[in-house]
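Below you'll find the structure, written out as structure tokens, and then a few comments.
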Amino acid sequence: MLRELRVRNLALIEEASLEFGPGLNVLTGETGAGKTVLVEALSLLLGGRGDSGMIRSGAERMELEAAFDIEGDERLRGMVESEDLAAEGGDELILRRVIGADGKSRCYVNGRLSTVGTLSRVGEYLVDIHGQHEHQRLLRPASHLEYLDVYGGAEHLRLLEAYRSLHAAWREAARALERADMDEAERLREIDLLRFQVREIETVRPVEGEMEELARERGRMQNREELFSAAHLAHALIAGDGGEGVVDRLGEAEAALLRASSLDEELAAWCVRLREGQEALAELAREMHDFAEGLEFEPGRLDEVEARLHALNDLARKYGGDTAAILEHLERARRRLEELENLDARRDELRGEADAALASAGEAAERLSASRRELARGLTREVNRELEELNMAGMRFRVLCEEEADLGPMGRDRVEFQVTPGKGLPYRPLARIASGGELSRITLALKLALARADAVPTLVFDEVDAGIGGTTADVLAEKLARIAGYHQVFSITHLPQIAARSHTHLAVSKRETAGGVRTEVRLLDPGERLEELVRMLGGDESTARRHARALLKAGGERAARLST
């Protein structure tokens, strides 16, 4: 949920730091006070389009920051981790955006420089903004199928998962058949090429590691004299002749110390170390002698090595950088050659597998479609019931669920939410509703029906009460409170009935300052909240005050019933 929002230099707001809670949060204030500016701040933080014209007059830049608590939201945490945006601890998500007077925008997620696109992707998991703004996921037909599936609950989702598994198996079988179902002339050309490659490599018969070993041997033959002289001289200096070598001198040193070792035990220890040094140097001298002796090569050996390396390097240029890569290519070529030579039988086998996989996927798609048609009827009934209670009985809603010819990753169904403004009038897509107030209330009815299914934790309703009054206002307040049992809800409202049901009440107002008009936002305490309801009710003050107290009392009692 949204825990905190900080705004600097947005429109008429110089600076505001607001804290929110779970349940229903409301923003109230006089018309023109700037209530929707806070929704604009959220919209910008969620990747909305911004420009320098939104910056407060005289300021160099606008700064926006929001902190979200994502503890327990595994869907959201998984998305954040997949984008590598998680903060230490993983239970908080902080979005920040700075827009300068030059129009340039900088975005941050958990302190890391990011992009507007990332904010937008993250925002779809965090907040739905409903009203006169862009973040209206329900208006996008592409999301309707997902909503209907989630509305179906665990049993329906198991059908969907089973279908998706079978669809993936069919697509893989179809791709295998497509690879096998090649032109005959192309098949023969590839067979000829593979046979040539296999024959060429098998003729050379490379051995893994052979190129490296031959390169070392060639280096020794090409530099034999220098290598022999160095090894021979080192051997002579260490092993010596006639007591002139290092090993003999170490033996003399050991003997001298040994004679005096009875006088001091440290000398005895030195003797041991000298003996160990003698043995190590003697072993090294033997290795040097063997190395020098091994530098004798058969006549013509260098030519043999050069020829062998030339053949291996020729293969390496074609099939890989070393003998291991050449041998890997040989194995792949053999497998592919066998596959192509037996393609006719394999093609029939693959076609049978693809047909069987398609049949299984088709049967699963039928089960999925049947389930969706039933869900569509149920969702249609629920939303129309909500619309009737909102005094919109003339407006009718339906979930159009049609089967298409081709199977896709989600089945063969096309789902779209549609409405008609009255009996006898055609249904139209939800996005084409002209009235913002009607659109908000239809969205509210949908959200109520889908409240338990909607994974987005925070919902914002911008003036959902437009044109509503009387008993409908009480119904609307009740419904917003019910949605707030499943989500964190924000409502910008003119209705005291809604404000009275809130868990957090913020008031927006304008004031004159030396620098001009400023918008202020403050959290109301219980006494201030009562006064704000009195203002909203208007009319006779004493009557409005009694009415405000009654609304607050009734709102508290309803909240207690809902919580139980």
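Ligands are numbered from 1 in the order shown, residues from 1 within each chain, and chains are lettered A, B, ... in the order they appear in the structure tokens.
Proximity to range 226-235 of chain A at 7 Å, evaluated using only C-alpha atoms and with sequence-adjacent residues fewer than 4 positions away removed, yields Ala239, Ala285, Met288, His289, Ala292 and Leu295 of chain A.
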How would the residues just chosen look if you wrote them out with N, CA and C atoms as a compact mmCIF listing (two decimals), in the first residue's frame?
```txt
# COMPACT_ATOMS: atom_id res chain seq x y z
N ALA A 239 74.11 -29.44 -9.72
CA ALA A 239 74.67 -30.77 -9.41
C ALA A 239 76.19 -30.71 -9.34
N ALA A 285 67.64 -30.98 -10.20
CA ALA A 285 68.75 -31.19 -11.13
C ALA A 285 68.49 -32.39 -12.03
N MET A 288 66.11 -31.33 -14.73
CA MET A 288 66.81 -30.53 -15.74
C MET A 288 67.61 -31.42 -16.69
N HIS A 289 68.25 -32.44 -16.12
CA HIS A 289 69.03 -33.36 -16.94
C HIS A 289 68.13 -34.10 -17.92
N ALA A 292 66.95 -31.78 -20.72
CA ALA A 292 67.98 -31.55 -21.73
C ALA A 292 68.16 -32.78 -22.62
N LEU A 295 65.58 -33.21 -25.44
CA LEU A 295 65.59 -32.27 -26.55
C LEU A 295 66.22 -32.85 -27.81
```
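Shell of His310 in chain A at 12 Å, with only C-alpha atoms counted and residues fewer than 3 places along the chain excluded, is Val204, Pro206, Met211, Leu214, Ala215, Asp303, Glu304, Val305, Glu306, Ala307, Asn313, Asp314, Leu315, Ala316 and Arg317 of chain A.
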Would you tabulate, counting only C-alpha atoms, all residues of range 109-194 of chain A that have an atom at most 10 Å from an atom of range 325-348 of chain A, showing the closest pair of atoms and their distance in Å to one decimal, sorted by chain then ascending number, as a Markdown table?
```
| residue | atom | partner | partner_atom | distance |
| --- | --- | --- | --- | --- |
| A:Ala176 | CA | A:Arg347 | CA | 9.0 |
| A:Leu177 | CA | A:Arg347 | CA | 6.6 |
| A:Glu178 | CA | A:Arg347 | CA | 9.3 |
| A:Arg179 | CA | A:Arg347 | CA | 9.4 |
| A:Ala180 | CA | A:Arg347 | CA | 6.0 |
| A:Asp181 | CA | A:Arg347 | CA | 6.8 |
| A:Met182 | CA | A:Leu343 | CA | 9.6 |
| A:Arg187 | CA | A:Leu340 | CA | 6.9 |
| A:Leu188 | CA | A:Leu340 | CA | 8.5 |
| A:Glu190 | CA | A:Leu337 | CA | 8.3 |
| A:Ile191 | CA | A:Leu337 | CA | 6.1 |
| A:Asp192 | CA | A:Leu337 | CA | 9.1 |
| A:Leu193 | CA | A:Leu337 | CA | 9.3 |
| A:Leu194 | CA | A:Ala333 | CA | 5.9 |
```
Write a file of the just-selected residues containing N, CA, C and O atoms, as a CSV table (one decimal), in the first residue's frame.
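File part39.csv, as written:
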```csv
chain,number,residue,atom,x,y,z
A,176,ALA,N,9.1,-28.6,-34.0
A,176,ALA,CA,9.9,-29.7,-34.4
A,176,ALA,C,9.5,-30.2,-35.8
A,176,ALA,O,10.3,-30.6,-36.7
A,177,LEU,N,8.2,-30.3,-36.0
A,177,LEU,CA,7.7,-30.7,-37.3
A,177,LEU,C,8.0,-29.7,-38.4
A,177,LEU,O,8.4,-30.1,-39.5
A,178,GLU,N,8.0,-28.5,-38.1
A,178,GLU,CA,8.3,-27.4,-39.1
A,178,GLU,C,9.8,-27.6,-39.5
A,178,GLU,O,10.1,-27.4,-40.7
A,179,ARG,N,10.6,-27.8,-38.5
A,179,ARG,CA,12.1,-28.0,-38.8
A,179,ARG,C,12.3,-29.3,-39.7
A,179,ARG,O,13.1,-29.3,-40.6
A,180,ALA,N,11.4,-30.3,-39.5
A,180,ALA,CA,11.6,-31.5,-40.2
A,180,ALA,C,11.0,-31.4,-41.6
A,180,ALA,O,11.4,-32.1,-42.6
A,181,ASP,N,9.9,-30.6,-41.7
A,181,ASP,CA,9.2,-30.5,-43.0
A,181,ASP,C,9.8,-29.6,-43.9
A,181,ASP,O,9.3,-28.5,-44.3
A,182,MET,N,11.0,-29.9,-44.4
A,182,MET,CA,11.8,-29.0,-45.2
A,182,MET,C,11.8,-29.5,-46.7
A,182,MET,O,11.4,-30.6,-47.0
A,187,ARG,N,17.2,-30.5,-48.2
A,187,ARG,CA,17.6,-31.6,-47.3
A,187,ARG,C,18.8,-32.3,-47.9
A,187,ARG,O,19.8,-32.6,-47.2
A,188,LEU,N,18.8,-32.6,-49.2
A,188,LEU,CA,19.9,-33.3,-49.9
A,188,LEU,C,21.2,-32.4,-49.9
A,188,LEU,O,22.3,-32.9,-49.7
A,190,GLU,N,21.9,-30.2,-47.6
A,190,GLU,CA,22.5,-30.2,-46.2
A,190,GLU,C,23.2,-31.6,-45.9
A,190,GLU,O,24.2,-31.6,-45.2
A,191,ILE,N,22.6,-32.7,-46.4
A,191,ILE,CA,23.2,-34.0,-46.2
A,191,ILE,C,24.6,-34.0,-46.8
A,191,ILE,O,25.6,-34.5,-46.2
A,192,ASP,N,24.7,-33.5,-48.1
A,192,ASP,CA,26.0,-33.5,-48.7
A,192,ASP,C,27.0,-32.7,-47.9
A,192,ASP,O,28.2,-33.1,-47.8
A,193,LEU,N,26.6,-31.5,-47.4
A,193,LEU,CA,27.5,-30.7,-46.7
A,193,LEU,C,28.0,-31.3,-45.4
A,193,LEU,O,29.1,-31.3,-45.1
A,194,LEU,N,27.0,-32.0,-44.7
A,194,LEU,CA,27.3,-32.6,-43.4
A,194,LEU,C,28.3,-33.8,-43.7
A,194,LEU,O,29.2,-34.1,-42.9
```
Legend entry - Residue nearest Pro299 in chain A - candidates A:Glu366, A:Met221, A:Leu506, A:Met410, atoms counted: only C-alpha atoms: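 For Pro299 in chain A, the nearest of the candidates is A:Met221.
Picture a line from CA of Leu237 in chain A to CA of Ala280 in chain A; it runs 14.5 Å.
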Inset, instruction - Determine, counting only C-alpha atoms, which protein, DNA and RNA residues have an atom within 9 Å of an atom of Asn25 in chain A; residues of the same chain fewer than 3 positions away are not included. Present the result as number ranges by chain. - result: A: 20-22, 484, 488-492, 499, 502-506
Mind writing the picked residues with all heavy atoms as a JSON list (two decimals), in the first residue's frame?
```json
[["chain", "number", "residue", "atom", "x", "y", "z"],
["A", 20, "PHE", "N", -0.41, 8.00, 4.74],
["A", 20, "PHE", "CA", -1.68, 7.35, 4.51],
["A", 20, "PHE", "C", -1.73, 6.03, 5.27],
["A", 20, "PHE", "O", -0.71, 5.50, 5.70],
["A", 20, "PHE", "CB", -1.89, 7.10, 3.02],
["A", 20, "PHE", "CG", -1.73, 8.33, 2.18],
["A", 20, "PHE", "CD1", -0.57, 8.55, 1.46],
["A", 20, "PHE", "CD2", -2.74, 9.27, 2.12],
["A", 20, "PHE", "CE1", -0.42, 9.68, 0.68],
["A", 20, "PHE", "CE2", -2.60, 10.41, 1.34],
["A", 20, "PHE", "CZ", -1.44, 10.62, 0.63],
["A", 21, "GLY", "N", -2.92, 5.51, 5.41],
["A", 21, "GLY", "CA", -3.10, 4.25, 6.10],
["A", 21, "GLY", "C", -3.89, 3.27, 5.26],
["A", 21, "GLY", "O", -4.31, 3.57, 4.14],
["A", 22, "PRO", "N", -4.12, 2.08, 5.79],
["A", 22, "PRO", "CA", -4.95, 1.11, 5.06],
["A", 22, "PRO", "C", -6.40, 1.55, 5.05],
["A", 22, "PRO", "O", -6.79, 2.52, 5.71],
["A", 22, "PRO", "CB", -4.76, -0.17, 5.89],
["A", 22, "PRO", "CG", -4.41, 0.32, 7.27],
["A", 22, "PRO", "CD", -3.64, 1.59, 7.09],
["A", 484, "ALA", "N", -12.63, -1.06, 0.37],
["A", 484, "ALA", "CA", -11.51, -0.77, 1.26],
["A", 484, "ALA", "C", -11.21, -1.92, 2.21],
["A", 484, "ALA", "O", -10.16, -1.93, 2.87],
["A", 484, "ALA", "CB", -11.79, 0.50, 2.06],
["A", 488, "GLN", "N", -6.36, -0.81, -0.35],
["A", 488, "GLN", "CA", -6.23, 0.56, 0.12],
["A", 488, "GLN", "C", -6.93, 1.43, -0.93],
["A", 488, "GLN", "O", -6.64, 1.35, -2.11],
["A", 488, "GLN", "CB", -4.76, 0.96, 0.25],
["A", 488, "GLN", "CG", -4.56, 2.39, 0.75],
["A", 488, "GLN", "CD", -3.11, 2.83, 0.65],
["A", 488, "GLN", "OE1", -2.41, 2.49, -0.32],
["A", 488, "GLN", "NE2", -2.64, 3.57, 1.63],
["A", 489, "VAL", "N", -7.88, 2.26, -0.51],
["A", 489, "VAL", "CA", -8.69, 3.05, -1.43],
["A", 489, "VAL", "C", -8.50, 4.53, -1.15],
["A", 489, "VAL", "O", -8.48, 4.96, 0.00],
["A", 489, "VAL", "CB", -10.19, 2.68, -1.29],
["A", 489, "VAL", "CG1", -11.04, 3.59, -2.16],
["A", 489, "VAL", "CG2", -10.41, 1.23, -1.67],
["A", 490, "PHE", "N", -8.33, 5.31, -2.23],
["A", 490, "PHE", "CA", -8.31, 6.77, -2.16],
["A", 490, "PHE", "C", -9.50, 7.29, -2.94],
["A", 490, "PHE", "O", -9.76, 6.86, -4.06],
["A", 490, "PHE", "CB", -7.02, 7.34, -2.78],
["A", 490, "PHE", "CG", -5.80, 7.09, -1.95],
["A", 490, "PHE", "CD1", -5.15, 5.87, -2.02],
["A", 490, "PHE", "CD2", -5.31, 8.07, -1.10],
["A", 490, "PHE", "CE1", -4.03, 5.63, -1.26],
["A", 490, "PHE", "CE2", -4.19, 7.83, -0.34],
["A", 490, "PHE", "CZ", -3.54, 6.61, -0.41],
["A", 491, "SER", "N", -10.20, 8.24, -2.34],
["A", 491, "SER", "CA", -11.34, 8.85, -3.02],
["A", 491, "SER", "C", -11.27, 10.35, -2.86],
["A", 491, "SER", "O", -11.21, 10.87, -1.74],
["A", 491, "SER", "CB", -12.66, 8.32, -2.45],
["A", 491, "SER", "OG", -13.75, 8.96, -3.08],
["A", 492, "ILE", "N", -11.28, 11.07, -3.99],
["A", 492, "ILE", "CA", -11.45, 12.52, -3.98],
["A", 492, "ILE", "C", -12.94, 12.78, -4.07],
["A", 492, "ILE", "O", -13.58, 12.38, -5.06],
["A", 492, "ILE", "CB", -10.69, 13.17, -5.15],
["A", 492, "ILE", "CG1", -9.20, 12.91, -5.00],
["A", 492, "ILE", "CG2", -10.97, 14.66, -5.23],
["A", 492, "ILE", "CD1", -8.40, 13.33, -6.18],
["A", 499, "ALA", "N", -16.82, 10.80, 3.05],
["A", 499, "ALA", "CA", -15.79, 11.30, 3.98],
["A", 499, "ALA", "C", -15.99, 10.73, 5.38],
["A", 499, "ALA", "O", -15.02, 10.44, 6.09],
["A", 499, "ALA", "CB", -15.81, 12.82, 4.00],
["A", 502, "SER", "N", -14.38, 7.29, 6.07],
["A", 502, "SER", "CA", -12.94, 7.14, 5.83],
["A", 502, "SER", "C", -12.18, 6.74, 7.09],
["A", 502, "SER", "O", -12.62, 7.03, 8.21],
["A", 502, "SER", "CB", -12.36, 8.44, 5.28],
["A", 502, "SER", "OG", -12.43, 9.46, 6.25],
["A", 503, "HIS", "N", -11.06, 6.11, 6.89],
["A", 503, "HIS", "CA", -10.12, 5.82, 7.98],
["A", 503, "HIS", "C", -9.07, 6.91, 8.10],
["A", 503, "HIS", "O", -8.51, 7.13, 9.17],
["A", 503, "HIS", "CB", -9.43, 4.47, 7.73],
["A", 503, "HIS", "CG", -10.38, 3.33, 7.59],
["A", 503, "HIS", "ND1", -10.90, 2.92, 6.37],
["A", 503, "HIS", "CD2", -10.95, 2.52, 8.52],
["A", 503, "HIS", "CE1", -11.71, 1.90, 6.54],
["A", 503, "HIS", "NE2", -11.77, 1.64, 7.83],
["A", 504, "THR", "N", -8.76, 7.57, 6.97],
["A", 504, "THR", "CA", -7.83, 8.69, 6.95],
["A", 504, "THR", "C", -8.46, 9.81, 6.14],
["A", 504, "THR", "O", -8.89, 9.58, 5.00],
["A", 504, "THR", "CB", -6.48, 8.28, 6.30],
["A", 504, "THR", "OG1", -5.92, 7.19, 7.03],
["A", 504, "THR", "CG2", -5.50, 9.45, 6.31],
["A", 505, "HIS", "N", -8.53, 11.00, 6.72],
["A", 505, "HIS", "CA", -9.21, 12.13, 6.08],
["A", 505, "HIS", "C", -8.22, 13.28, 5.92],
["A", 505, "HIS", "O", -7.67, 13.78, 6.89],
["A", 505, "HIS", "CB", -10.40, 12.57, 6.93],
["A", 505, "HIS", "CG", -11.29, 13.56, 6.25],
["A", 505, "HIS", "ND1", -12.58, 13.81, 6.66],
["A", 505, "HIS", "CD2", -11.10, 14.38, 5.17],
["A", 505, "HIS", "CE1", -13.13, 14.73, 5.89],
["A", 505, "HIS", "NE2", -12.24, 15.09, 4.98],
["A", 506, "LEU", "N", -7.98, 13.68, 4.64],
["A", 506, "LEU", "CA", -7.10, 14.80, 4.35],
["A", 506, "LEU", "C", -7.92, 15.92, 3.71],
["A", 506, "LEU", "O", -8.81, 15.65, 2.90],
["A", 506, "LEU", "CB", -5.98, 14.38, 3.40],
["A", 506, "LEU", "CG", -5.06, 13.29, 3.93],
["A", 506, "LEU", "CD1", -5.01, 12.15, 2.95],
["A", 506, "LEU", "CD2", -3.68, 13.82, 4.20]]
```
Inset, instruction - Just list the residues in range 74-250 of chain A DSSP gives strand (DSSP E or B) on the backbone, as a list of chain:residue names. - result: A:Glu92, A:Leu93, A:Ile94, A:Leu95, A:Arg96, A:Arg97, A:Val98, A:Ile99, A:Gly100, A:Ser105, A:Arg106, A:Cys107, A:Tyr108, A:Val109, A:Arg112, A:Leu113, A:Ser114, A:Val127, A:Asp128, A:Ile129, A:His130
Inset, instruction - Would you list the contacts of Glu404 in chain A as a ChimeraX atom specification, taking every protein, DNA or RNA residue within 7 Å and counting only C-alpha atoms, but skipping same-chain residues closer than 3 positions in sequence? - result: /A:412-414
Inset, instruction - Write down as an MDAnalysis selection string the residues belonging to range 214-414 of chain A that are assigned helix (DSSP H, G or I) by DSSP computed on the backbone. - result: chainID A and resid 214:222 224:239 246:260 265:293 301:319 323:341 343:389
Inset, instruction - Name all residues at most 7 Å from Glu65 in chain A (count only C-alpha atoms; drop same-chain ones fewer than 3 positions away) and give them as a VMD selection string. - result: chain A and resid 5 to 7 95 to 97
Produce a file of the selected residues containing N, CA and C atoms, as a compact mmCIF listing (two decimals), in the first residue's frame.
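What follows is the written file again07.txt:
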```
# COMPACT_ATOMS: atom_id res chain seq x y z
N LEU A 5 3.54 10.09 0.72
CA LEU A 5 3.69 10.83 -0.54
C LEU A 5 4.26 12.20 -0.21
N ARG A 6 5.34 12.55 -0.91
CA ARG A 6 5.96 13.87 -0.74
C ARG A 6 5.94 14.61 -2.07
N VAL A 7 5.53 15.86 -2.01
CA VAL A 7 5.39 16.68 -3.21
C VAL A 7 6.07 18.02 -2.98
N LEU A 95 9.56 5.25 -4.97
CA LEU A 95 9.61 5.84 -6.31
C LEU A 95 9.88 7.33 -6.17
N ARG A 96 10.76 7.84 -7.02
CA ARG A 96 11.07 9.28 -6.99
C ARG A 96 11.21 9.78 -8.41
N ARG A 97 10.70 10.99 -8.63
CA ARG A 97 10.80 11.59 -9.95
C ARG A 97 11.06 13.08 -9.81
```
Legend entry - Nearby residues (only C-alpha atoms) at most 8 Å from range 162-167 of chain A, same-chain spacing under 6 positions excluded, as a list in words: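 Everything that qualifies: Ala357, Leu358, Ser360, Ala361, Ala364, Ala365, Leu368, Leu407, Gly408, Pro409, Met410 and Gly411 of chain A.
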Mind dumping the selected residues with C-alpha atoms as a compact mmCIF listing (two decimals), in the first residue's frame?
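The resulting file, again_26.txt, is reproduced below:
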```txt
# COMPACT_ATOMS: atom_id res chain seq x y z
CA ALA A 357 -0.65 -32.42 -28.88
CA LEU A 358 -3.02 -30.14 -30.83
CA SER A 360 -5.13 -32.32 -26.32
CA ALA A 361 -4.67 -28.54 -26.33
CA ALA A 364 -8.31 -28.17 -22.82
CA ALA A 365 -9.24 -24.95 -24.64
CA LEU A 368 -11.39 -23.36 -20.50
CA LEU A 407 -5.31 -21.26 -30.25
CA GLY A 408 -3.19 -18.74 -28.39
CA PRO A 409 -1.18 -18.89 -25.16
CA MET A 410 -4.34 -18.01 -23.17
CA GLY A 411 -6.79 -20.12 -25.17
```
Inset, instruction - Report the distance between CA of Gly240 in chain A and CA of Arg286 in chain A in Å, rounded to one decimal place. - result: 12.0 Å
Inset, instruction - For CA of Leu400 in chain A and CA of Val415 in chain A, determine how far apart the two atoms are, in Å to one decimal place. - result: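 Computed distance, CA of Leu400 in chain A to CA of Val415 in chain A, equals 5.6 Å.
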Inset, instruction - Mind checking which residues fall within 10 Å of range 510-513 of chain A, counting only C-alpha atoms, ignoring those fewer than 6 positions away in the same chain, and posting them as a list in words? - result: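 Contacts, in chain order: Leu12, Ile13, Gly29, Glu30, Gly32, Ala33, Gly34, Thr519, Glu520 and Val521 of chain A.
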Please write the residues from the selection above to a file, keeping N, CA, C and O atoms, as a PDB file, in the first residue's frame.
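The result, written out as part.pdb:
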```pdb
ATOM      1  N   LEU A  12       0.281  24.441  -7.540  1.00  0.00           N
ATOM      2  CA  LEU A  12       0.242  25.416  -6.449  1.00  0.00           C
ATOM      3  C   LEU A  12       0.769  24.863  -5.134  1.00  0.00           C
ATOM      4  O   LEU A  12       0.777  25.570  -4.124  1.00  0.00           O
ATOM      5  N   ILE A  13       1.213  23.613  -5.123  1.00  0.00           N
ATOM      6  CA  ILE A  13       1.743  23.019  -3.894  1.00  0.00           C
ATOM      7  C   ILE A  13       3.236  23.320  -3.795  1.00  0.00           C
ATOM      8  O   ILE A  13       4.030  22.872  -4.635  1.00  0.00           O
ATOM      9  N   GLY A  29     -12.240  19.143  -0.014  1.00  0.00           N
ATOM     10  CA  GLY A  29     -11.887  20.552  -0.088  1.00  0.00           C
ATOM     11  C   GLY A  29     -12.803  21.274  -1.048  1.00  0.00           C
ATOM     12  O   GLY A  29     -13.564  20.657  -1.805  1.00  0.00           O
ATOM     13  N   GLU A  30     -12.721  22.602  -1.013  1.00  0.00           N
ATOM     14  CA  GLU A  30     -13.540  23.404  -1.900  1.00  0.00           C
ATOM     15  C   GLU A  30     -13.190  23.115  -3.362  1.00  0.00           C
ATOM     16  O   GLU A  30     -12.073  22.703  -3.687  1.00  0.00           O
ATOM     17  N   GLY A  32     -11.794  23.664  -6.810  1.00  0.00           N
ATOM     18  CA  GLY A  32     -10.672  24.489  -7.240  1.00  0.00           C
ATOM     19  C   GLY A  32      -9.544  24.572  -6.242  1.00  0.00           C
ATOM     20  O   GLY A  32      -8.552  25.269  -6.482  1.00  0.00           O
ATOM     21  N   ALA A  33      -9.672  23.862  -5.108  1.00  0.00           N
ATOM     22  CA  ALA A  33      -8.615  23.925  -4.094  1.00  0.00           C
ATOM     23  C   ALA A  33      -7.363  23.176  -4.516  1.00  0.00           C
ATOM     24  O   ALA A  33      -6.280  23.418  -3.985  1.00  0.00           O
ATOM     25  N   GLY A  34      -7.498  22.234  -5.450  1.00  0.00           N
ATOM     26  CA  GLY A  34      -6.323  21.507  -5.925  1.00  0.00           C
ATOM     27  C   GLY A  34      -6.288  20.060  -5.494  1.00  0.00           C
ATOM     28  O   GLY A  34      -5.213  19.464  -5.398  1.00  0.00           O
ATOM     29  N   THR A 519      -1.483  25.944  -2.347  1.00  0.00           N
ATOM     30  CA  THR A 519      -2.364  24.847  -1.945  1.00  0.00           C
ATOM     31  C   THR A 519      -1.732  24.108  -0.784  1.00  0.00           C
ATOM     32  O   THR A 519      -0.544  23.763  -0.822  1.00  0.00           O
ATOM     33  N   GLU A 520      -2.528  23.851   0.249  1.00  0.00           N
ATOM     34  CA  GLU A 520      -2.046  23.127   1.422  1.00  0.00           C
ATOM     35  C   GLU A 520      -2.877  21.863   1.619  1.00  0.00           C
ATOM     36  O   GLU A 520      -4.082  21.853   1.327  1.00  0.00           O
ATOM     37  N   VAL A 521      -2.239  20.831   2.128  1.00  0.00           N
ATOM     38  CA  VAL A 521      -2.918  19.569   2.425  1.00  0.00           C
ATOM     39  C   VAL A 521      -2.576  19.198   3.852  1.00  0.00           C
ATOM     40  O   VAL A 521      -1.404  19.209   4.249  1.00  0.00           O
TER      41      VAL A 521
END
```
